[in-house]
Amino acid sequence: MQFAKPEKKRQILDPILPLINIVFLLLIFVMMMSRVEGTDGYDVSPPISTSKNPAGQRDRLLVLNKDGRVWLDDVEMNDVTLMQYAQDQKRDHPNEIVKIKADAEVDAIQLISLMESLRSGGVENLVLLTEKGN
């Protein structure tokens with residue numbers, strides 16, 4: 001007497017399993033290739049750049065918001081402390097680059113005045129940061 005062989009029960013996930021594996025591998029790949037950067041916490045929207053060159057490494061970051069308030073590496077500065085920094089920078093780090101991140105709504109005269117006061121204090125290397133245009 002021969003008995004019929006019982007059919008192997010096929011699990012429901014068998015056809016979908018390779019697709020799930022590929023999706024998770026792609027997710028891992030995207031996570032590994034992504035770059036996560038924190039925000040600096042200031043309400044500043046820089047102007048659009050027409051230059052193709054990136055700004056490079058961050059040395060010192062000076063932030064100027066639309067209200068005219070200035071921060072240097074997360075420390076709020078006034079005119080006196082800014083001039084003191086410029087003189088110290090000339091003496092201690094003459095080749096250091098100071099990058100200025102100004103709000104797009106800041107008056108150009110105010111920005112130029114800030115840059116000129118830094119230059120008169122002794123800062124030689126100033127870079128104005130902008131956003132890359134379309």
# chains A, B, ... in the order shown; residues from 1 in each chain; ligands from 1

$ residues_around --residues "A:Leu128" --least-positions-apart "6" --cutoff "12 Å" --atoms "only C-alpha atoms" --output "PyMOL selection string"
chain A and resi 46-49+51+54-56+60-64+97-104+108+111-112+114-115

$ write_last_selection --atoms "C-alpha atoms" --output "compact mmCIF listing (two decimals), in the first residue's frame"
# COMPACT_ATOMS: atom_id res chain seq x y z
CA PRO A 46 23.34 82.72 3.94
CA PRO A 47 23.16 84.27 0.47
CA ILE A 48 23.33 82.08 -2.64
CA SER A 49 26.81 81.53 -4.09
CA SER A 51 31.23 80.12 -6.96
CA PRO A 54 33.73 74.59 -1.61
CA ALA A 55 34.73 76.48 1.52
CA GLY A 56 37.05 73.73 2.79
CA ARG A 60 37.05 79.71 13.09
CA LEU A 61 33.40 80.48 12.44
CA LEU A 62 32.05 83.99 12.92
CA VAL A 63 28.24 84.23 12.64
CA LEU A 64 26.41 87.49 11.94
CA ILE A 97 41.21 81.49 8.50
CA VAL A 98 38.14 83.23 9.94
CA LYS A 99 34.98 82.21 8.09
CA ILE A 100 32.05 84.61 8.24
CA LYS A 101 28.53 83.21 7.99
CA ALA A 102 26.22 86.17 7.57
CA ASP A 103 22.47 86.19 7.13
CA ALA A 104 21.32 87.06 3.60
CA ALA A 108 26.17 94.85 2.98
CA LEU A 111 29.02 93.18 6.81
CA ILE A 112 31.81 95.18 5.16
CA LEU A 114 32.62 94.05 10.37
CA MET A 115 35.18 92.70 7.91

$ select_by_dssp --residues "stretch 6-103 of chain A" --states "alpha helix (DSSP H)" --output "PyMOL selection string"
chain A and resi 17-33+79-92

$ write_last_selection --atoms "N, CA and C atoms" --output "PDB file, in the first residue's frame"
ATOM      1  N   LEU A  17      11.310  36.912   1.070  1.00  0.00           N
ATOM      2  CA  LEU A  17      12.524  36.993   1.874  1.00  0.00           C
ATOM      3  C   LEU A  17      13.710  37.612   1.123  1.00  0.00           C
ATOM      4  N   PRO A  18      14.012  37.246  -0.115  1.00  0.00           N
ATOM      5  CA  PRO A  18      15.137  37.901  -0.812  1.00  0.00           C
ATOM      6  C   PRO A  18      14.916  39.403  -0.997  1.00  0.00           C
ATOM      7  N   LEU A  19      13.690  39.809  -1.246  1.00  0.00           N
ATOM      8  CA  LEU A  19      13.391  41.227  -1.399  1.00  0.00           C
ATOM      9  C   LEU A  19      13.634  41.976  -0.087  1.00  0.00           C
ATOM     10  N   ILE A  20      13.240  41.405   1.013  1.00  0.00           N
ATOM     11  CA  ILE A  20      13.458  42.021   2.331  1.00  0.00           C
ATOM     12  C   ILE A  20      14.953  42.156   2.597  1.00  0.00           C
ATOM     13  N   ASN A  21      15.722  41.133   2.248  1.00  0.00           N
ATOM     14  CA  ASN A  21      17.172  41.178   2.443  1.00  0.00           C
ATOM     15  C   ASN A  21      17.793  42.321   1.635  1.00  0.00           C
ATOM     16  N   ILE A  22      17.367  42.468   0.404  1.00  0.00           N
ATOM     17  CA  ILE A  22      17.914  43.523  -0.455  1.00  0.00           C
ATOM     18  C   ILE A  22      17.556  44.898   0.087  1.00  0.00           C
ATOM     19  N   VAL A  23      16.334  45.072   0.554  1.00  0.00           N
ATOM     20  CA  VAL A  23      15.906  46.357   1.101  1.00  0.00           C
ATOM     21  C   VAL A  23      16.743  46.721   2.325  1.00  0.00           C
ATOM     22  N   PHE A  24      16.980  45.767   3.200  1.00  0.00           N
ATOM     23  CA  PHE A  24      17.776  46.054   4.388  1.00  0.00           C
ATOM     24  C   PHE A  24      19.232  46.316   4.026  1.00  0.00           C
ATOM     25  N   LEU A  25      19.775  45.625   3.053  1.00  0.00           N
ATOM     26  CA  LEU A  25      21.140  45.895   2.614  1.00  0.00           C
ATOM     27  C   LEU A  25      21.255  47.304   2.017  1.00  0.00           C
ATOM     28  N   LEU A  26      20.262  47.715   1.239  1.00  0.00           N
ATOM     29  CA  LEU A  26      20.265  49.065   0.700  1.00  0.00           C
ATOM     30  C   LEU A  26      20.147  50.103   1.809  1.00  0.00           C
ATOM     31  N   LEU A  27      19.321  49.828   2.799  1.00  0.00           N
ATOM     32  CA  LEU A  27      19.177  50.738   3.926  1.00  0.00           C
ATOM     33  C   LEU A  27      20.501  50.893   4.673  1.00  0.00           C
ATOM     34  N   ILE A  28      21.182  49.796   4.902  1.00  0.00           N
ATOM     35  CA  ILE A  28      22.482  49.841   5.581  1.00  0.00           C
ATOM     36  C   ILE A  28      23.485  50.620   4.738  1.00  0.00           C
ATOM     37  N   PHE A  29      23.483  50.390   3.425  1.00  0.00           N
ATOM     38  CA  PHE A  29      24.393  51.093   2.526  1.00  0.00           C
ATOM     39  C   PHE A  29      24.145  52.606   2.568  1.00  0.00           C
ATOM     40  N   VAL A  30      22.895  53.005   2.502  1.00  0.00           N
ATOM     41  CA  VAL A  30      22.562  54.434   2.530  1.00  0.00           C
ATOM     42  C   VAL A  30      22.968  55.052   3.857  1.00  0.00           C
ATOM     43  N   MET A  31      22.755  54.344   4.950  1.00  0.00           N
ATOM     44  CA  MET A  31      23.140  54.860   6.262  1.00  0.00           C
ATOM     45  C   MET A  31      24.656  55.015   6.379  1.00  0.00           C
ATOM     46  N   MET A  32      25.405  54.074   5.811  1.00  0.00           N
ATOM     47  CA  MET A  32      26.858  54.148   5.883  1.00  0.00           C
ATOM     48  C   MET A  32      27.420  55.265   5.001  1.00  0.00           C
ATOM     49  N   MET A  33      26.775  55.536   3.882  1.00  0.00           N
ATOM     50  CA  MET A  33      27.274  56.542   2.953  1.00  0.00           C
ATOM     51  C   MET A  33      26.782  57.950   3.271  1.00  0.00           C
ATOM     52  N   ASP A  79      31.739  94.639  20.230  1.00  0.00           N
ATOM     53  CA  ASP A  79      32.814  95.295  19.478  1.00  0.00           C
ATOM     54  C   ASP A  79      34.163  95.182  20.187  1.00  0.00           C
ATOM     55  N   VAL A  80      34.154  95.338  21.501  1.00  0.00           N
ATOM     56  CA  VAL A  80      35.406  95.311  22.267  1.00  0.00           C
ATOM     57  C   VAL A  80      36.021  93.914  22.246  1.00  0.00           C
ATOM     58  N   THR A  81      35.210  92.894  22.541  1.00  0.00           N
ATOM     59  CA  THR A  81      35.755  91.530  22.566  1.00  0.00           C
ATOM     60  C   THR A  81      36.157  91.065  21.171  1.00  0.00           C
ATOM     61  N   LEU A  82      35.481  91.551  20.139  1.00  0.00           N
ATOM     62  CA  LEU A  82      35.833  91.192  18.766  1.00  0.00           C
ATOM     63  C   LEU A  82      37.186  91.792  18.387  1.00  0.00           C
ATOM     64  N   MET A  83      37.420  93.043  18.755  1.00  0.00           N
ATOM     65  CA  MET A  83      38.720  93.661  18.466  1.00  0.00           C
ATOM     66  C   MET A  83      39.832  92.990  19.271  1.00  0.00           C
ATOM     67  N   GLN A  84      39.529  92.605  20.513  1.00  0.00           N
ATOM     68  CA  GLN A  84      40.519  91.892  21.326  1.00  0.00           C
ATOM     69  C   GLN A  84      40.866  90.552  20.673  1.00  0.00           C
ATOM     70  N   TYR A  85      39.838  89.848  20.158  1.00  0.00           N
ATOM     71  CA  TYR A  85      40.091  88.588  19.460  1.00  0.00           C
ATOM     72  C   TYR A  85      40.960  88.817  18.228  1.00  0.00           C
ATOM     73  N   ALA A  86      40.670  89.871  17.456  1.00  0.00           N
ATOM     74  CA  ALA A  86      41.438  90.143  16.233  1.00  0.00           C
ATOM     75  C   ALA A  86      42.899  90.401  16.559  1.00  0.00           C
ATOM     76  N   GLN A  87      43.163  91.145  17.612  1.00  0.00           N
ATOM     77  CA  GLN A  87      44.550  91.421  18.002  1.00  0.00           C
ATOM     78  C   GLN A  87      45.242  90.150  18.501  1.00  0.00           C
ATOM     79  N   ASP A  88      44.527  89.347  19.297  1.00  0.00           N
ATOM     80  CA  ASP A  88      45.096  88.084  19.771  1.00  0.00           C
ATOM     81  C   ASP A  88      45.362  87.128  18.616  1.00  0.00           C
ATOM     82  N   GLN A  89      44.451  87.109  17.651  1.00  0.00           N
ATOM     83  CA  GLN A  89      44.585  86.211  16.514  1.00  0.00           C
ATOM     84  C   GLN A  89      45.790  86.601  15.676  1.00  0.00           C
ATOM     85  N   LYS A  90      46.018  87.886  15.503  1.00  0.00           N
ATOM     86  CA  LYS A  90      47.181  88.348  14.737  1.00  0.00           C
ATOM     87  C   LYS A  90      48.474  87.914  15.427  1.00  0.00           C
ATOM     88  N   ARG A  91      48.495  88.003  16.739  1.00  0.00           N
ATOM     89  CA  ARG A  91      49.697  87.666  17.497  1.00  0.00           C
ATOM     90  C   ARG A  91      49.896  86.149  17.588  1.00  0.00           C
ATOM     91  N   ASP A  92      48.830  85.388  17.886  1.00  0.00           N
ATOM     92  CA  ASP A  92      48.973  83.959  18.170  1.00  0.00           C
ATOM     93  C   ASP A  92      48.816  83.068  16.947  1.00  0.00           C
TER      94      ASP A  92
END

$ closest_residue --among "A:Ala4, A:Met77, A:Leu129, A:Val70" --to "A:Tyr42" --atoms "only C-alpha atoms"
A:Val70

$ atom_distance --atom1 "atom CA of A:Lys66" --atom2 "atom CA of A:Asp107"
8.2 Å

$ select_by_dssp --residues "chain A" --states "strand (DSSP E)" --output "tab-separated table (two decimals) with N, CA and C atoms, in the first residue's frame"
chain	number	residue	atom	x	y	z
A	48	ILE	N	23.04	83.11	-1.65
A	48	ILE	CA	23.33	82.08	-2.64
A	48	ILE	C	24.67	82.39	-3.32
A	49	SER	N	25.50	81.37	-3.49
A	49	SER	CA	26.81	81.53	-4.09
A	49	SER	C	26.79	81.24	-5.58
A	60	ARG	N	37.81	78.95	12.11
A	60	ARG	CA	37.05	79.71	13.09
A	60	ARG	C	35.80	80.21	12.39
A	61	LEU	N	34.66	80.08	13.05
A	61	LEU	CA	33.40	80.48	12.44
A	61	LEU	C	32.83	81.69	13.16
A	62	LEU	N	32.64	82.77	12.40
A	62	LEU	CA	32.05	83.99	12.92
A	62	LEU	C	30.66	84.11	12.29
A	63	VAL	N	29.63	84.19	13.12
A	63	VAL	CA	28.24	84.23	12.64
A	63	VAL	C	27.67	85.62	12.89
A	64	LEU	N	27.06	86.18	11.85
A	64	LEU	CA	26.41	87.49	11.94
A	64	LEU	C	24.95	87.30	11.54
A	70	VAL	N	26.74	89.13	16.80
A	70	VAL	CA	27.89	88.39	16.29
A	70	VAL	C	28.29	87.32	17.30
A	71	TRP	N	28.56	86.11	16.78
A	71	TRP	CA	29.08	85.01	17.59
A	71	TRP	C	30.37	84.53	16.97
A	72	LEU	N	31.31	84.18	17.81
A	72	LEU	CA	32.56	83.57	17.35
A	72	LEU	C	32.68	82.23	18.04
A	75	VAL	N	30.29	81.81	20.99
A	75	VAL	CA	30.40	82.80	22.05
A	75	VAL	C	29.98	84.14	21.48
A	76	GLU	N	28.97	84.78	22.10
A	76	GLU	CA	28.50	86.07	21.58
A	76	GLU	C	29.56	87.14	21.85
A	77	MET	N	29.80	87.94	20.84
A	77	MET	CA	30.86	88.94	20.90
A	77	MET	C	30.27	90.34	20.77
A	97	ILE	N	42.28	80.97	9.35
A	97	ILE	CA	41.21	81.49	8.50
A	97	ILE	C	39.97	81.72	9.36
A	98	VAL	N	39.38	82.91	9.25
A	98	VAL	CA	38.14	83.23	9.94
A	98	VAL	C	37.04	83.22	8.88
A	99	LYS	N	36.08	82.34	9.05
A	99	LYS	CA	34.98	82.21	8.09
A	99	LYS	C	33.76	82.95	8.64
A	100	ILE	N	33.20	83.80	7.82
A	100	ILE	CA	32.05	84.61	8.24
A	100	ILE	C	30.80	84.05	7.60
A	101	LYS	N	29.84	83.70	8.45
A	101	LYS	CA	28.53	83.21	7.99
A	101	LYS	C	27.52	84.29	8.35
A	102	ALA	N	27.13	85.05	7.35
A	102	ALA	CA	26.22	86.17	7.57
A	102	ALA	C	24.85	85.85	6.99
A	125	ASN	N	43.10	86.63	7.05
A	125	ASN	CA	42.41	85.65	6.21
A	125	ASN	C	40.93	85.59	6.57
A	126	LEU	N	40.11	86.25	5.77
A	126	LEU	CA	38.65	86.24	5.96
A	126	LEU	C	38.01	85.54	4.77
A	127	VAL	N	37.00	84.70	5.05
A	127	VAL	CA	36.25	84.01	4.02
A	127	VAL	C	34.77	84.21	4.31
A	128	LEU	N	34.01	84.64	3.31
A	128	LEU	CA	32.56	84.80	3.45
A	128	LEU	C	31.89	83.54	2.96
A	131	GLU	N	25.75	79.88	0.35
A	131	GLU	CA	25.14	78.62	-0.05
A	131	GLU	C	25.33	78.43	-1.54
A	132	LYS	N	25.47	77.19	-1.94
A	132	LYS	CA	25.65	76.88	-3.34
A	132	LYS	C	24.34	77.13	-4.08

$ atom_distance --atom1 "atom CA of A:His93" --atom2 "atom CA of A:Gly68"
26.0 Å

$ atom_distance --atom1 "atom CA of A:Glu37" --atom2 "atom CA of A:Pro94"
28.6 Å

$ closest_residue --among "A:Ile109, A:Ile16, A:Glu7, A:Asp74" --to "A:Thr39" --atoms "only C-alpha atoms"
A:Asp74

$ closest_residue --among "A:Gln2, A:Asp67, A:Asn95, A:Val106" --to "A:Val123" --atoms "only C-alpha atoms"
A:Asn95
